[in-house]
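Q: This is the structure I have questions about; it appears just below.
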Amino acid sequence: MLNLLDLHVEAVTVESLKAFDRIAMVDVQPHYFGGLVDRVDLVIDHHPEQPGYTAVFKDVRSDYGSTSTILTEHLRAVDVNISERTATAMLYAIKSDTLFFNRQANRVDIEAFSYLYPLADAALIRKMEGSEITVERLDHVIRAYQAGSLVDQVFCAFLGQTPREDFIPYVADFFLQLEDVKWTIVAGIVGDSMVLSVRNLGYSKNAGEFARRYFADIGSAGGHRAMAKAVVPMARLREKLSNFDTTSVVSWLHEIAGQFLHEHPREGKIQLSKA
């Protein structure tokens with residue numbers, strides 16, 4: 001999308017943020033940055049609302065499938081003329097976030113999609129979707145297939161060190177498409193943190209609750225019923241898990257998934273055990 005729409009992204013640091021008069025966060029909340037940012041001017045997000053920060057204006061709607069849907073409603077409310085380029089990006093965002101309405105989508109997402117569709121470049125979106133399968137992504141899928149395992153319809157995999165965070169949710173989404181897979185839990189190391197993506201079919205237990213239960217005390221964790229994420233500093237994680245080879249991590253993920261999925265609804269919080 002960045003290449004085809006000629007979008008330019010500039011990396012920022014906590015220090016460089018001090019040079020800006022206003023800070024807006026879209027599709028993310030300050031808690032994700034581990035306390036480095038505790039005040040912003042604007043937050044627009046579709047992930048569950050998190051505490052620990054202040055914002056001048058906040059629009060968080062966790063029942064929406066995409067942040068782009070929220071933005072579309074704001075633009076329509078003030079009758080903005082949405083350009084083809086913008087409509088294309090926003091339409092692609094809705095399709096990606098909801099897996100084309102197969103995940104965490106509702107009526108408002110469909111309405112936003114219907115409004116944007118005639119304004120967008122459909123051919124360009126097809127080109128974006130066709131480029132989603134890259135050699136790098138395929139390599140991570142193969143790594144997950146070779147090192148992961150499927151137990152009781154839960155597929156768990158540990159990718160080890162990976163250069164980009166987006167490979168991890170891509171692999172989690174990919175394996176959720178397999179027959180007999182109802183949950184996927186995929187982890188990888190990005191920089192000095194472990195990033196975990198959790199996916200399910202949406203009609204069983206809550207993925208966001210799973211992520212918060214086992215990772216919120218040592219990192220950033222949260223999500224929806226069907227999809228969730230955790231980011232945990234490796235130093236904190238090693239306090240919970242003494243062995244960190246691929247086999248041990250996959251076994252541990254299956255262990256906590258089994259605890260979570262098979263516990264009685266009235267049972268209390270189950271603690272992590274050392275592998």
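Residues in the structure tokens are named by chain (A, B, ... in the order shown) and by number from 1 within that chain; ligands are numbered from 1 in the order shown.
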Show which residues sit within 7 Å of region 69-76 of chain A, as a list in words. Count only C-alpha atoms, and ignore same-chain residues fewer than 3 positions away.

A: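 With the cut-off at 7 Å, the set is Ser66, Asp79, Val80, Ile94, Asp109 and Ala112 of chain A.
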
Q: What lies within 10 Å of Gly52 (chain A) using only C-alpha atoms, ignoring chain neighbours under 3 positions off, as a VMD selection string?

A: chain A and resid 29 to 31 35 37 to 39

Q: Report as a list in words all protein, DNA and RNA residues lying within 12 Å of region 135-138 of chain A, evaluated on only C-alpha atoms, omitting residues in the same chain fewer than 5 positions from it.

A: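 Listed by chain and then number, they are Arg143, Ala144, Tyr145, Leu159, Thr162, Pro163, Arg164, Glu165, Asp166, Phe167, Ile168, Pro169, Tyr170, Val171, Ala172, Asp173, Phe174 and Phe175 of chain A.
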
Q: Using N, CA, C and O atoms, can you export the residues from the last selection as a CSV table (one decimal), in the first residue's frame?

A:
chain,number,residue,atom,x,y,z
A,143,ARG,N,8.6,-21.5,8.3
A,143,ARG,CA,9.3,-21.6,9.7
A,143,ARG,C,8.2,-22.0,10.7
A,143,ARG,O,8.5,-22.9,11.6
A,144,ALA,N,7.1,-21.4,10.7
A,144,ALA,CA,6.0,-21.7,11.6
A,144,ALA,C,5.5,-23.1,11.4
A,144,ALA,O,5.3,-23.8,12.4
A,145,TYR,N,5.4,-23.5,10.2
A,145,TYR,CA,4.9,-24.9,9.9
A,145,TYR,C,5.9,-25.9,10.4
A,145,TYR,O,5.5,-27.0,10.9
A,159,LEU,N,8.5,-18.1,16.1
A,159,LEU,CA,9.3,-17.7,14.9
A,159,LEU,C,10.7,-17.3,15.2
A,159,LEU,O,11.5,-17.2,14.3
A,162,THR,N,12.8,-12.1,14.4
A,162,THR,CA,12.2,-11.7,13.1
A,162,THR,C,12.4,-10.2,12.9
A,162,THR,O,12.3,-9.4,13.9
A,163,PRO,N,12.7,-9.7,11.7
A,163,PRO,CA,13.0,-8.3,11.4
A,163,PRO,C,11.8,-7.4,11.5
A,163,PRO,O,12.0,-6.2,11.7
A,164,ARG,N,10.6,-7.9,11.3
A,164,ARG,CA,9.4,-7.0,11.2
A,164,ARG,C,8.3,-7.6,12.0
A,164,ARG,O,8.0,-8.8,11.9
A,165,GLU,N,7.6,-6.8,12.8
A,165,GLU,CA,6.5,-7.2,13.6
A,165,GLU,C,5.3,-7.8,12.8
A,165,GLU,O,4.6,-8.7,13.2
A,166,ASP,N,5.1,-7.2,11.6
A,166,ASP,CA,3.9,-7.6,10.9
A,166,ASP,C,3.9,-9.0,10.4
A,166,ASP,O,2.9,-9.6,10.0
A,167,PHE,N,5.1,-9.7,10.3
A,167,PHE,CA,5.2,-11.1,9.9
A,167,PHE,C,4.4,-12.0,10.9
A,167,PHE,O,3.8,-13.0,10.6
A,168,ILE,N,4.4,-11.6,12.2
A,168,ILE,CA,3.8,-12.4,13.2
A,168,ILE,C,2.2,-12.5,13.1
A,168,ILE,O,1.7,-13.6,13.0
A,169,PRO,N,1.5,-11.4,13.0
A,169,PRO,CA,0.1,-11.5,12.8
A,169,PRO,C,-0.3,-12.1,11.5
A,169,PRO,O,-1.3,-12.8,11.3
A,170,TYR,N,0.6,-11.9,10.4
A,170,TYR,CA,0.3,-12.5,9.1
A,170,TYR,C,0.3,-14.0,9.3
A,170,TYR,O,-0.6,-14.7,8.7
A,171,VAL,N,1.3,-14.6,10.0
A,171,VAL,CA,1.4,-16.0,10.2
A,171,VAL,C,0.2,-16.5,11.0
A,171,VAL,O,-0.4,-17.6,10.7
A,172,ALA,N,-0.2,-15.8,12.0
A,172,ALA,CA,-1.3,-16.2,12.8
A,172,ALA,C,-2.6,-16.2,12.0
A,172,ALA,O,-3.4,-17.2,12.1
A,173,ASP,N,-2.8,-15.2,11.1
A,173,ASP,CA,-4.0,-15.2,10.3
A,173,ASP,C,-4.0,-16.3,9.2
A,173,ASP,O,-5.0,-17.0,8.9
A,174,PHE,N,-2.8,-16.6,8.7
A,174,PHE,CA,-2.6,-17.6,7.7
A,174,PHE,C,-3.0,-19.0,8.2
A,174,PHE,O,-3.8,-19.7,7.6
A,175,PHE,N,-2.5,-19.4,9.4
A,175,PHE,CA,-2.8,-20.7,9.9
A,175,PHE,C,-4.2,-20.9,10.5
A,175,PHE,O,-4.7,-22.0,10.6

Q: In Å, how far is it from CA of Ala55 (chain A) to CA of Gly191 (chain A)?

A: 28.7 Å

Q: So that I can see what lies close to Glu179 (chain A), please list as a ChimeraX atom specification the residues with an atom at most 12 Å from it, counting only C-alpha atoms and leaving out residues fewer than 6 positions away in the same chain.

A: /A:150,153-155,201

Q: Which is closest to Glu209 (chain A) among A:Pro48, A:Ser96, A:Ala235, A:Gln177, if we use only C-alpha atoms?

A: A:Pro48

Q: Could you check how far CA of Val232 (chain A) sits from CA of Glu263 (chain A), in Å to one decimal?

A: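 Computing the Euclidean distance for CA of Val232 (chain A) and CA of Glu263 (chain A) yields 24.4 Å.
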
Q: Pick out the residues sitting within 12 Å of Ala93 (chain A), and hand them over as a PyMOL selection string; count only C-alpha atoms, and ignore anything fewer than 3 positions along from it in its own chain.

A: chain A and resi 1+27+65-72+86-90+96-101+109+112-113+116+120+125+128-129

Q: Within 12 Å of region 251-254 of chain A, counting only C-alpha atoms, which residues show up once you throw out same-chain ones fewer than 6 positions away? Write them as a PyMOL selection string, please.

A: chain A and resi 147-158+183-187+196-198+210-211+214-215+240-245+260-262+272-275

Q: From the options A:Leu124, A:Ile110, A:Leu178, A:Val28, which residue's atoms come nearest to Gly222 (chain A), counting only C-alpha atoms?

A: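 Closest to Gly222 (chain A), using only C-alpha atoms: A:Val28.
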